[in-house]
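Engineer: TSV, C-alpha atoms, file work36.tsv:
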```tsv
chain	number	residue	atom	x	y	z
Q	245	MET	CA	28.41	8.31	-53.89
Q	246	ARG	CA	25.22	6.88	-52.33
Q	247	GLU	CA	24.66	4.83	-55.49
Q	248	LYS	CA	28.21	3.52	-55.33
Q	249	ILE	CA	27.81	2.45	-51.69
Q	250	LYS	CA	24.48	0.76	-52.48
Q	251	LYS	CA	26.06	-1.08	-55.41
Q	252	SER	CA	29.03	-2.23	-53.27
Q	253	VAL	CA	26.73	-3.44	-50.49
Q	254	LEU	CA	24.67	-5.43	-52.99
Q	255	GLU	CA	27.78	-6.93	-54.61
Q	256	THR	CA	29.20	-7.90	-51.20
Q	257	LEU	CA	25.91	-9.44	-50.05
Q	258	ASN	CA	25.74	-11.37	-53.30
Q	259	SER	CA	29.27	-12.74	-52.73
Q	260	LEU	CA	28.34	-13.60	-49.15
Q	261	ARG	CA	25.25	-15.49	-50.32
Q	262	ARG	CA	27.25	-17.38	-52.97
Q	263	SER	CA	30.10	-18.37	-50.64
Q	264	MET	CA	28.46	-19.02	-47.26
Q	265	LEU	CA	27.18	-22.50	-48.04
Q	266	ALA	CA	30.56	-23.64	-49.37
Q	267	LEU	CA	32.34	-22.17	-46.33
Q	268	LEU	CA	29.94	-23.86	-43.91
Q	269	SER	CA	30.41	-27.17	-45.75
Q	270	VAL	CA	34.19	-26.94	-45.49
Q	271	MET	CA	34.00	-26.15	-41.78
Q	272	LEU	CA	31.66	-29.11	-41.19
Q	273	LEU	CA	34.08	-31.38	-43.07
Q	274	ILE	CA	37.10	-30.08	-41.15
Q	275	ALA	CA	35.28	-30.58	-37.84
Q	276	PHE	CA	34.47	-34.14	-38.89
Q	277	ILE	CA	38.04	-35.01	-39.95
Q	278	ILE	CA	39.55	-33.49	-36.78
Q	279	ASN	CA	37.43	-35.87	-34.70
Q	280	ALA	CA	37.46	-38.88	-37.01
Q	281	ILE	CA	41.27	-39.19	-37.22
Q	282	PRO	CA	42.88	-39.68	-33.79
Q	283	LYS	CA	46.26	-37.96	-33.32
Q	284	ASP	CA	48.16	-41.17	-32.44
Q	285	TYR	CA	47.10	-42.69	-35.77
Q	286	TYR	CA	49.68	-40.65	-37.66
Q	287	ALA	CA	52.79	-42.26	-36.09
Q	288	LYS	CA	51.69	-45.77	-37.11
Q	289	ILE	CA	51.94	-45.37	-40.87
Q	290	PHE	CA	55.56	-44.34	-41.45
Q	291	THR	CA	58.14	-46.81	-42.81
Q	292	ASN	CA	61.57	-45.34	-41.81
Q	293	ASN	CA	62.44	-44.81	-45.48
Q	294	ASN	CA	63.11	-41.08	-45.95
Q	295	LEU	CA	61.70	-40.68	-49.46
Q	296	ILE	CA	58.66	-42.90	-48.98
Q	297	ASP	CA	58.00	-41.33	-45.60
Q	298	SER	CA	58.14	-37.81	-47.06
Q	299	ILE	CA	55.51	-38.84	-49.63
Q	300	ILE	CA	53.42	-40.46	-46.86
Q	301	GLY	CA	53.90	-37.31	-44.75
Q	302	ALA	CA	52.73	-35.10	-47.62
Q	303	VAL	CA	49.70	-37.33	-48.27
Q	304	ILE	CA	48.64	-37.33	-44.61
Q	305	GLY	CA	49.23	-33.58	-44.29
Q	306	SER	CA	47.16	-32.97	-47.43
Q	307	ILE	CA	44.10	-34.80	-46.14
Q	308	SER	CA	44.43	-33.44	-42.61
Q	309	ALA	CA	42.76	-30.26	-41.52
Q	310	GLY	CA	42.63	-27.88	-38.62
Q	311	ASN	CA	44.86	-25.40	-36.84
Q	312	PRO	CA	48.53	-25.54	-37.98
Q	313	ILE	CA	49.52	-25.71	-34.29
Q	314	ASN	CA	48.21	-29.29	-34.31
Q	315	SER	CA	50.57	-30.14	-37.17
Q	316	TYR	CA	53.56	-28.84	-35.12
Q	317	VAL	CA	52.49	-30.84	-32.07
Q	318	ILE	CA	51.96	-34.02	-34.12
Q	319	GLY	CA	55.19	-33.32	-36.05
Q	320	GLY	CA	57.09	-32.98	-32.76
Q	321	GLU	CA	55.64	-36.26	-31.53
Q	322	LEU	CA	56.52	-37.98	-34.80
Q	323	LEU	CA	60.13	-36.79	-34.47
Q	324	ASN	CA	60.24	-38.14	-30.90
Q	325	ASN	CA	58.96	-41.47	-32.24
Q	326	GLY	CA	61.85	-41.72	-34.71
Q	327	VAL	CA	60.17	-40.48	-37.89
Q	328	GLY	CA	62.66	-38.57	-40.09
Q	329	LEU	CA	62.73	-34.76	-40.30
Q	330	THR	CA	62.11	-34.87	-44.09
Q	331	ALA	CA	58.84	-36.75	-43.56
Q	332	VAL	CA	57.78	-34.47	-40.71
Q	333	THR	CA	58.55	-31.37	-42.81
Q	334	ALA	CA	56.52	-32.71	-45.74
Q	335	PHE	CA	53.72	-33.42	-43.28
Q	336	ILE	CA	53.57	-29.97	-41.65
Q	337	LEU	CA	54.10	-28.22	-44.98
Q	338	SER	CA	51.33	-30.04	-46.83
Q	339	TRP	CA	49.05	-29.54	-43.80
Q	340	VAL	CA	49.17	-25.78	-44.43
Q	341	THR	CA	49.65	-25.60	-48.20
Q	342	VAL	CA	47.52	-28.43	-49.60
Q	343	GLY	CA	43.83	-28.62	-48.77
Q	344	ILE	CA	42.00	-31.70	-49.98
Q	345	VAL	CA	39.20	-30.89	-47.53
Q	346	GLN	CA	38.94	-27.32	-48.84
Q	347	LEU	CA	39.28	-28.42	-52.48
Q	348	PRO	CA	35.52	-28.44	-53.25
Q	349	ALA	CA	35.10	-24.88	-51.92
Q	350	GLU	CA	38.28	-23.69	-53.66
Q	351	SER	CA	37.06	-25.24	-56.94
Q	352	LEU	CA	33.66	-23.60	-56.63
Q	353	MET	CA	35.04	-20.15	-55.90
Q	354	LEU	CA	38.35	-19.99	-57.75
Q	355	GLY	CA	37.82	-22.52	-60.53
Q	356	ARG	CA	38.27	-26.30	-60.71
Q	357	LYS	CA	41.45	-26.28	-62.82
Q	358	PHE	CA	43.04	-23.58	-60.70
Q	359	ALA	CA	42.29	-25.51	-57.48
Q	360	LEU	CA	43.57	-28.81	-58.89
Q	361	TYR	CA	46.77	-27.32	-60.30
Q	362	ARG	CA	47.47	-25.25	-57.18
Q	363	ASN	CA	46.99	-28.14	-54.79
Q	364	GLY	CA	48.82	-30.62	-57.02
Q	365	ILE	CA	51.83	-28.34	-57.37
Q	366	SER	CA	51.78	-27.53	-53.64
Q	367	PHE	CA	51.85	-31.26	-52.91
Q	368	VAL	CA	54.95	-31.82	-55.07
Q	369	THR	CA	56.52	-28.66	-53.65
Q	370	ALA	CA	55.99	-29.91	-50.08
Q	371	ILE	CA	58.16	-32.95	-50.86
Q	372	ILE	CA	60.83	-30.91	-52.69
Q	373	ILE	CA	61.01	-28.27	-49.92
Q	374	SER	CA	61.17	-30.92	-47.20
Q	375	ILE	CA	64.18	-32.56	-48.89
Q	376	LEU	CA	65.90	-29.20	-49.52
Q	377	THR	CA	65.27	-27.99	-45.95
Q	378	VAL	CA	66.94	-31.04	-44.42
Q	379	LEU	CA	69.81	-30.92	-46.95
Q	380	ILE	CA	70.50	-27.23	-46.23
Q	381	LEU	CA	70.08	-27.79	-42.47
Q	382	ASN	CA	72.69	-30.54	-42.58
Q	383	LEU	CA	75.18	-28.10	-44.13
Q	384	PHE	CA	75.16	-25.94	-40.97
W	186	MET	CA	14.38	-35.40	-58.79
W	187	LYS	CA	17.35	-35.83	-61.11
W	188	ASN	CA	16.57	-32.48	-62.78
W	189	LEU	CA	16.26	-30.79	-59.40
W	190	PHE	CA	19.74	-32.04	-58.42
W	191	LYS	CA	21.16	-30.86	-61.75
W	192	LYS	CA	19.72	-27.37	-61.20
W	193	MET	CA	21.32	-27.07	-57.74
W	194	SER	CA	24.42	-24.93	-57.34
W	195	GLY	CA	27.75	-26.66	-56.64
W	196	SER	CA	27.77	-25.20	-53.10
W	197	LEU	CA	24.34	-26.68	-52.33
W	198	LYS	CA	25.37	-30.09	-53.71
W	199	LEU	CA	28.49	-30.00	-51.52
W	200	PHE	CA	26.46	-29.01	-48.46
W	201	ILE	CA	23.94	-31.82	-49.05
W	202	LEU	CA	26.82	-34.29	-49.43
W	203	ILE	CA	28.36	-33.23	-46.09
W	204	VAL	CA	24.97	-33.38	-44.34
W	205	PHE	CA	24.55	-36.89	-45.82
W	206	ILE	CA	27.98	-37.93	-44.43
W	207	TYR	CA	26.99	-36.60	-41.00
W	208	ALA	CA	23.63	-38.40	-41.17
W	209	ILE	CA	25.21	-41.76	-42.14
W	210	PHE	CA	27.90	-41.54	-39.44
W	211	GLY	CA	25.26	-40.27	-37.01
W	212	ILE	CA	23.47	-43.61	-37.29
W	213	PHE	CA	26.57	-45.69	-36.49
W	214	ASN	CA	28.68	-43.35	-34.37
W	215	GLN	CA	26.63	-40.69	-32.66
W	216	PRO	CA	29.41	-39.51	-30.26
W	217	LEU	CA	31.68	-38.77	-33.26
W	218	ILE	CA	29.01	-36.59	-34.86
W	219	MET	CA	28.24	-34.81	-31.58
W	220	LYS	CA	31.96	-34.08	-31.09
W	221	SER	CA	32.24	-32.92	-34.73
W	222	LEU	CA	29.28	-30.56	-34.32
W	223	HIS	CA	30.86	-29.21	-31.15
W	224	THR	CA	34.13	-28.60	-33.05
W	225	PHE	CA	32.14	-27.01	-35.89
W	226	ILE	CA	30.53	-24.49	-33.51
W	227	LYS	CA	33.98	-23.75	-32.03
W	228	LEU	CA	35.37	-23.19	-35.55
W	229	LEU	CA	32.43	-20.99	-36.43
W	230	LYS	CA	33.01	-18.79	-33.37
W	231	GLU	CA	36.68	-18.48	-34.33
W	232	VAL	CA	36.05	-17.50	-37.94
W	233	ILE	CA	33.17	-15.04	-37.52
W	234	PRO	CA	35.46	-12.07	-36.68
W	235	ILE	CA	37.70	-12.95	-39.63
W	236	LEU	CA	34.68	-13.27	-41.88
W	237	VAL	CA	33.59	-9.78	-40.84
W	238	ILE	CA	37.07	-8.46	-41.80
W	239	VAL	CA	37.00	-10.34	-45.12
W	240	PHE	CA	33.57	-9.04	-46.09
W	241	SER	CA	34.46	-5.50	-44.97
W	242	LEU	CA	37.49	-5.72	-47.24
W	243	MET	CA	35.26	-7.02	-50.03
W	244	PHE	CA	32.93	-4.06	-49.54
W	245	LEU	CA	35.87	-1.66	-49.72
W	246	THR	CA	37.35	-3.32	-52.80
W	247	ASN	CA	33.93	-3.25	-54.48
W	248	MET	CA	33.76	0.46	-53.67
W	249	LEU	CA	37.28	1.49	-54.58
W	250	ILE	CA	38.73	-1.03	-57.00
W	251	THR	CA	37.46	-1.58	-60.50
W	252	SER	CA	38.40	-4.48	-62.77
W	253	LYS	CA	40.51	-2.17	-64.84
W	254	LYS	CA	42.47	-0.93	-61.84
W	255	ILE	CA	43.22	-4.48	-60.71
W	256	SER	CA	44.31	-5.76	-64.08
W	257	ASP	CA	46.36	-2.64	-64.74
W	258	SER	CA	48.12	-2.40	-61.41
W	259	LEU	CA	48.42	-5.90	-60.02
W	260	SER	CA	48.80	-7.82	-63.23
W	261	ARG	CA	51.03	-5.70	-65.37
W	262	LYS	CA	52.33	-2.40	-64.07
W	263	LEU	CA	53.42	-3.69	-60.66
W	264	GLY	CA	55.42	-6.57	-62.14
W	265	ILE	CA	57.81	-7.94	-59.54
W	266	LYS	CA	56.35	-5.55	-56.93
W	267	GLY	CA	53.07	-7.43	-57.34
W	268	TYR	CA	54.81	-10.63	-56.22
W	269	PHE	CA	56.22	-8.91	-53.14
W	270	LEU	CA	52.79	-7.46	-52.37
W	271	ALA	CA	51.11	-10.88	-52.70
W	272	ILE	CA	53.83	-12.44	-50.47
W	273	ALA	CA	53.46	-9.74	-47.80
W	274	LEU	CA	49.65	-9.82	-47.83
W	275	GLY	CA	49.68	-13.63	-47.72
W	276	ILE	CA	51.98	-13.68	-44.69
W	277	LEU	CA	50.04	-10.94	-42.89
W	278	SER	CA	46.54	-12.25	-43.59
W	279	ALA	CA	44.89	-14.06	-40.70
W	280	GLY	CA	42.37	-16.87	-40.30
W	281	PRO	CA	41.71	-20.07	-42.22
W	282	ILE	CA	42.56	-20.17	-45.91
W	283	TYR	CA	38.97	-20.81	-47.05
W	284	MET	CA	37.78	-17.52	-45.50
W	285	TRP	CA	39.75	-15.70	-48.19
W	286	TYR	CA	38.24	-17.55	-51.18
W	287	PRO	CA	35.25	-15.17	-51.56
W	288	LEU	CA	37.47	-12.06	-51.67
W	289	LEU	CA	39.95	-13.72	-54.05
W	290	SER	CA	37.07	-14.92	-56.22
W	291	ASP	CA	35.79	-11.33	-56.43
W	292	LEU	CA	39.25	-10.00	-57.28
W	293	LYS	CA	39.73	-12.76	-59.84
W	294	GLU	CA	36.52	-11.70	-61.58
W	295	LYS	CA	37.96	-8.17	-61.63
W	296	GLY	CA	41.09	-9.43	-63.38
W	297	LEU	CA	43.59	-10.44	-60.67
W	298	ASN	CA	45.86	-13.04	-62.20
W	299	ASN	CA	46.20	-16.63	-61.02
W	300	SER	CA	49.90	-16.40	-60.16
W	301	LEU	CA	49.28	-13.67	-57.58
W	302	ILE	CA	46.37	-15.63	-56.05
W	303	THR	CA	48.60	-18.71	-55.83
W	304	ILE	CA	51.43	-16.72	-54.23
W	305	PHE	CA	49.02	-15.15	-51.74
W	306	LEU	CA	47.49	-18.52	-50.80
W	307	TYR	CA	50.88	-20.24	-50.47
W	308	ASN	CA	52.28	-17.53	-48.22
W	309	ARG	CA	49.30	-17.88	-45.91
W	310	ALA	CA	51.20	-20.94	-44.69
W	311	VAL	CA	53.95	-18.68	-43.31
W	312	LYS	CA	52.33	-17.86	-39.99
W	313	ILE	CA	54.23	-15.18	-38.05
W	314	PRO	CA	52.30	-15.65	-34.75
W	315	LEU	CA	53.11	-19.37	-34.81
W	316	ILE	CA	56.84	-18.96	-35.47
W	317	PRO	CA	57.84	-19.04	-31.75
W	318	MET	CA	56.00	-22.33	-31.33
W	319	MET	CA	57.60	-23.76	-34.46
W	320	ILE	CA	61.05	-22.69	-33.19
W	321	TYR	CA	60.28	-24.42	-29.88
W	322	TYR	CA	59.59	-27.70	-31.69
W	323	PHE	CA	62.09	-27.58	-34.57
W	324	GLY	CA	64.74	-24.93	-33.85
W	325	PHE	CA	65.50	-21.48	-35.31
W	326	ASN	CA	67.69	-22.63	-38.23
W	327	TYR	CA	65.03	-25.06	-39.42
W	328	VAL	CA	62.25	-22.45	-39.27
W	329	PHE	CA	64.40	-19.85	-41.04
W	330	ILE	CA	65.40	-22.19	-43.89
W	331	LEU	CA	61.86	-23.51	-44.29
W	332	GLY	CA	60.38	-19.98	-44.29
W	333	CYS	CA	62.81	-18.77	-46.98
W	334	LEU	CA	62.20	-21.83	-49.16
W	335	MET	CA	58.43	-21.44	-48.82
W	336	ILE	CA	58.55	-17.82	-49.98
W	337	ILE	CA	60.81	-18.67	-52.95
W	338	PHE	CA	58.67	-21.65	-53.97
W	339	SER	CA	55.45	-19.65	-53.63
W	340	VAL	CA	56.59	-17.52	-56.57
W	341	ILE	CA	57.68	-20.58	-58.58
W	342	ASN	CA	54.31	-22.22	-57.88
W	343	GLY	CA	52.48	-19.07	-58.90
W	344	LEU	CA	54.31	-18.91	-62.20
W	345	ILE	CA	53.71	-22.63	-62.90
W	346	VAL	CA	49.97	-22.41	-62.13
W	347	GLU	CA	49.63	-19.32	-64.35
W	348	LYS	CA	51.56	-21.01	-67.18
W	349	LEU	CA	49.49	-24.21	-66.93
W	350	LEU	CA	46.20	-22.32	-66.98
W	351	LEU	CA	47.34	-20.17	-69.92
W	352	THR	CA	48.43	-23.29	-71.84
W	353	GLN	CA	44.97	-24.78	-71.27
W	354	LYS	CA	43.32	-21.66	-72.68
W	355	ILE	CA	45.33	-21.72	-75.91
```
Could you write out this structure as structure tokens?

Structural biologist:
Amino acid sequence: MREKIKKSVLETLNSLRRSMLALLSVMLLIAFIINAIPKDYYAKIFTNNNLIDSIIGAVIGSISAGNPINSYVIGGELLNNGVGLTAVTAFILSWVTVGIVQLPAESLMLGRKFALYRNGISFVTAIIISILTVLILNLF
Amino acid sequence: MKNLFKKMSGSLKLFILIVFIYAIFGIFNQPLIMKSLHTFIKLLKEVIPILVIVFSLMFLTNMLITSKKISDSLSRKLGIKGYFLAIALGILSAGPIYMWYPLLSDLKEKGLNNSLITIFLYNRAVKIPLIPMMIYYFGFNYVFILGCLMIIFSVINGLIVEKLLLTQKI
């Protein structure tokens, strides 16, 4: 039992050592992006075309980082400024499901192909779900 | 110098790159870097408790779960139950997504399949504590429809990622 505990401690410390630097890097990058992109910047880049705006929303959400609460607040402001619900949905969805900022850490720890496929598919899914959500919502 | 850089781990290269970005911006826009460092410390304080949970879980999984157990139970025997388990754990897990990479990486090495990792990571976007706030901004119907679609698509995404990675291996 003692051997097993010792082995588990060593394995965990080894994982900690391997992952700490990548985690710290991601947090530094997130902190930088949060401060480098002002919140009012988001409303300026939409076009009022639902499909194009949902793609723009997904792109911005993908490169944004931080607490999801911020995406709801920004999403709410975008809606108030006349941006369509499809675009806002793609934005808040890609904010939480696609992580360009986390991509280097995800690649290092879970594999490059896995990270690229997962994020790529999540990006496309964000657009599909945003369209479906608004379509279904309009039925009620 | 070139050889030294080649020998560095990917994590170290990434860290050096970020430090370089901070240094460059620090020359031209010092307030931005100071604010970013302040945010970084705030983030760090927020994630430390979660990190403790994650590494405690890693210790427990290292103790109790062997590669064979993972590949037997989560990959094959559980079948559709495995999807439900990944969905539930994804929804219930707390903290930023990147805090879970080390644990998932460990489990992946033990044989956890890519579809379940994808499903878990996707469902981390369904945040129960934030639902009231989301309802406040977008309404109950919207949040309900979006939540259901996210759970359904998490499984579809998981299956696609698994299929793509298997195709690459062949």

Engineer: Using all atoms listed in the file, find the one residue out of W:Arg309, W:His223, W:Lys295, W:Lys198 that sits nearest to Ile336 of chain W.

Structural biologist: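 Closest residue, counting all atoms listed in the file: W:Arg309.
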
Engineer: Compile a residue-level contact table for chain W against chain Q at a cut-off of 8 Å, reporting for every qualifying residue the shortest atom pair and its distance in Å to one decimal, with all atoms listed in the file counted, rows ordered by chain and ascending number, as JSON lines.

Structural biologist:
```
{"residue": "W:Gly195", "atom": "CA", "partner": "Q:Leu352", "partner_atom": "CA", "distance": 6.7}
{"residue": "W:Ser196", "atom": "CA", "partner": "Q:Ala266", "partner_atom": "CA", "distance": 4.9}
{"residue": "W:Leu197", "atom": "CA", "partner": "Q:Leu265", "partner_atom": "CA", "distance": 6.6}
{"residue": "W:Leu199", "atom": "CA", "partner": "Q:Ser269", "partner_atom": "CA", "distance": 6.7}
{"residue": "W:Phe200", "atom": "CA", "partner": "Q:Ser269", "partner_atom": "CA", "distance": 5.1}
{"residue": "W:Ile203", "atom": "CA", "partner": "Q:Ser269", "partner_atom": "CA", "distance": 6.4}
{"residue": "W:Leu217", "atom": "CA", "partner": "Q:Asn279", "partner_atom": "CA", "distance": 6.6}
{"residue": "W:Ile218", "atom": "CA", "partner": "Q:Phe276", "partner_atom": "CA", "distance": 7.2}
{"residue": "W:Lys220", "atom": "CA", "partner": "Q:Asn279", "partner_atom": "CA", "distance": 6.8}
{"residue": "W:Ser221", "atom": "CA", "partner": "Q:Phe276", "partner_atom": "CA", "distance": 4.9}
{"residue": "W:Leu222", "atom": "CA", "partner": "Q:Ala275", "partner_atom": "CA", "distance": 7.0}
{"residue": "W:Thr224", "atom": "CA", "partner": "Q:Ala275", "partner_atom": "CA", "distance": 5.3}
{"residue": "W:Phe225", "atom": "CA", "partner": "Q:Ala275", "partner_atom": "CA", "distance": 5.1}
{"residue": "W:Leu228", "atom": "CA", "partner": "Q:Met271", "partner_atom": "CA", "distance": 7.0}
{"residue": "W:Leu229", "atom": "CA", "partner": "Q:Met271", "partner_atom": "CA", "distance": 7.6}
{"residue": "W:Phe240", "atom": "CA", "partner": "Q:Thr256", "partner_atom": "CA", "distance": 6.8}
{"residue": "W:Met243", "atom": "CA", "partner": "Q:Thr256", "partner_atom": "CA", "distance": 6.2}
{"residue": "W:Phe244", "atom": "CA", "partner": "Q:Thr256", "partner_atom": "CA", "distance": 5.6}
{"residue": "W:Leu245", "atom": "CA", "partner": "Q:Ser252", "partner_atom": "CA", "distance": 7.7}
{"residue": "W:Asn247", "atom": "CA", "partner": "Q:Ser252", "partner_atom": "CA", "distance": 5.1}
{"residue": "W:Met248", "atom": "CA", "partner": "Q:Ser252", "partner_atom": "CA", "distance": 5.5}
{"residue": "W:Tyr283", "atom": "CA", "partner": "Q:Gln346", "partner_atom": "CA", "distance": 6.8}
{"residue": "W:Met284", "atom": "CA", "partner": "Q:Leu267", "partner_atom": "CA", "distance": 7.2}
{"residue": "W:Tyr286", "atom": "CA", "partner": "Q:Met353", "partner_atom": "CA", "distance": 6.3}
{"residue": "W:Pro287", "atom": "CA", "partner": "Q:Ser263", "partner_atom": "CA", "distance": 6.1}
{"residue": "W:Leu289", "atom": "CA", "partner": "Q:Leu354", "partner_atom": "CA", "distance": 7.5}
{"residue": "W:Ser290", "atom": "CA", "partner": "Q:Leu354", "partner_atom": "CA", "distance": 5.4}
{"residue": "W:Asp291", "atom": "CA", "partner": "Q:Ser259", "partner_atom": "CA", "distance": 7.6}
{"residue": "W:Lys293", "atom": "CA", "partner": "Q:Leu354", "partner_atom": "CA", "distance": 7.7}
{"residue": "W:Asn299", "atom": "CA", "partner": "Q:Phe358", "partner_atom": "CA", "distance": 7.6}
{"residue": "W:Thr303", "atom": "CA", "partner": "Q:Arg362", "partner_atom": "CA", "distance": 6.8}
{"residue": "W:Leu306", "atom": "CA", "partner": "Q:Thr341", "partner_atom": "CA", "distance": 7.8}
{"residue": "W:Tyr307", "atom": "CA", "partner": "Q:Thr341", "partner_atom": "CA", "distance": 5.9}
{"residue": "W:Ala310", "atom": "CA", "partner": "Q:Val340", "partner_atom": "CA", "distance": 5.3}
{"residue": "W:Leu315", "atom": "CA", "partner": "Q:Ile313", "partner_atom": "CA", "distance": 7.3}
{"residue": "W:Met318", "atom": "CA", "partner": "Q:Ile313", "partner_atom": "CA", "distance": 7.9}
{"residue": "W:Met319", "atom": "CA", "partner": "Q:Tyr316", "partner_atom": "CA", "distance": 6.5}
{"residue": "W:Tyr322", "atom": "CA", "partner": "Q:Gly320", "partner_atom": "CA", "distance": 5.9}
{"residue": "W:Phe323", "atom": "CA", "partner": "Q:Gly320", "partner_atom": "CA", "distance": 7.6}
{"residue": "W:Asn326", "atom": "CA", "partner": "Q:Leu381", "partner_atom": "CA", "distance": 7.1}
{"residue": "W:Tyr327", "atom": "CA", "partner": "Q:Leu381", "partner_atom": "CA", "distance": 6.5}
{"residue": "W:Ile330", "atom": "CA", "partner": "Q:Thr377", "partner_atom": "CA", "distance": 6.2}
{"residue": "W:Leu331", "atom": "CA", "partner": "Q:Thr377", "partner_atom": "CA", "distance": 5.9}
{"residue": "W:Leu334", "atom": "CA", "partner": "Q:Ile373", "partner_atom": "CA", "distance": 6.6}
{"residue": "W:Met335", "atom": "CA", "partner": "Q:Ile373", "partner_atom": "CA", "distance": 7.4}
{"residue": "W:Phe338", "atom": "CA", "partner": "Q:Thr369", "partner_atom": "CA", "distance": 7.3}
{"residue": "W:Asn342", "atom": "CA", "partner": "Q:Ile365", "partner_atom": "CA", "distance": 6.6}
{"residue": "W:Val346", "atom": "CA", "partner": "Q:Tyr361", "partner_atom": "CA", "distance": 6.1}
{"residue": "W:Leu349", "atom": "CA", "partner": "Q:Tyr361", "partner_atom": "CA", "distance": 7.8}
{"residue": "W:Leu350", "atom": "CA", "partner": "Q:Phe358", "partner_atom": "CA", "distance": 7.1}
```

Engineer: Could you check how far atom CA of Leu202 of chain W sits from atom CA of Glu231 of chain W, in Å to one decimal?

Structural biologist: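 That distance, rounded to one decimal, is 24.0 Å.
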
Engineer: With all atoms listed in the file as the basis for distance, which of W:Val311, W:Gln353, W:Ser300, W:Leu236 is at the shortest distance from Ala273 of chain W?

Structural biologist: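 Using all atoms listed in the file, the shortest distance to Ala273 of chain W belongs to W:Val311.
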
Engineer: Any idea what the distance is between atom CA of Asn325 of chain Q and atom CA of Ile289 of chain Q?

Structural biologist: 11.8 Å

Engineer: Using only C-alpha atoms, can you list as an MDAnalysis selection string the residues within 12 Å of (50.5, -39.5, -47.1)?

Structural biologist: chainID Q and resid 286:291 295:308 331:332 334:336 338:339 342 344 367:368 370:371

Engineer: Could you please determine the separation between atom CA of Gly296 of chain W and atom CA of Val239 of chain W in Å, to one decimal place?

Structural biologist: 18.7 Å

Engineer: I need the residue nearest Ser241 of chain W from this list: W:Ser339, W:Leu288, W:Ile320, W:Leu297. Use all atoms listed in the file for the distance.

Structural biologist: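 For Ser241 of chain W, the nearest of the candidates is W:Leu288.
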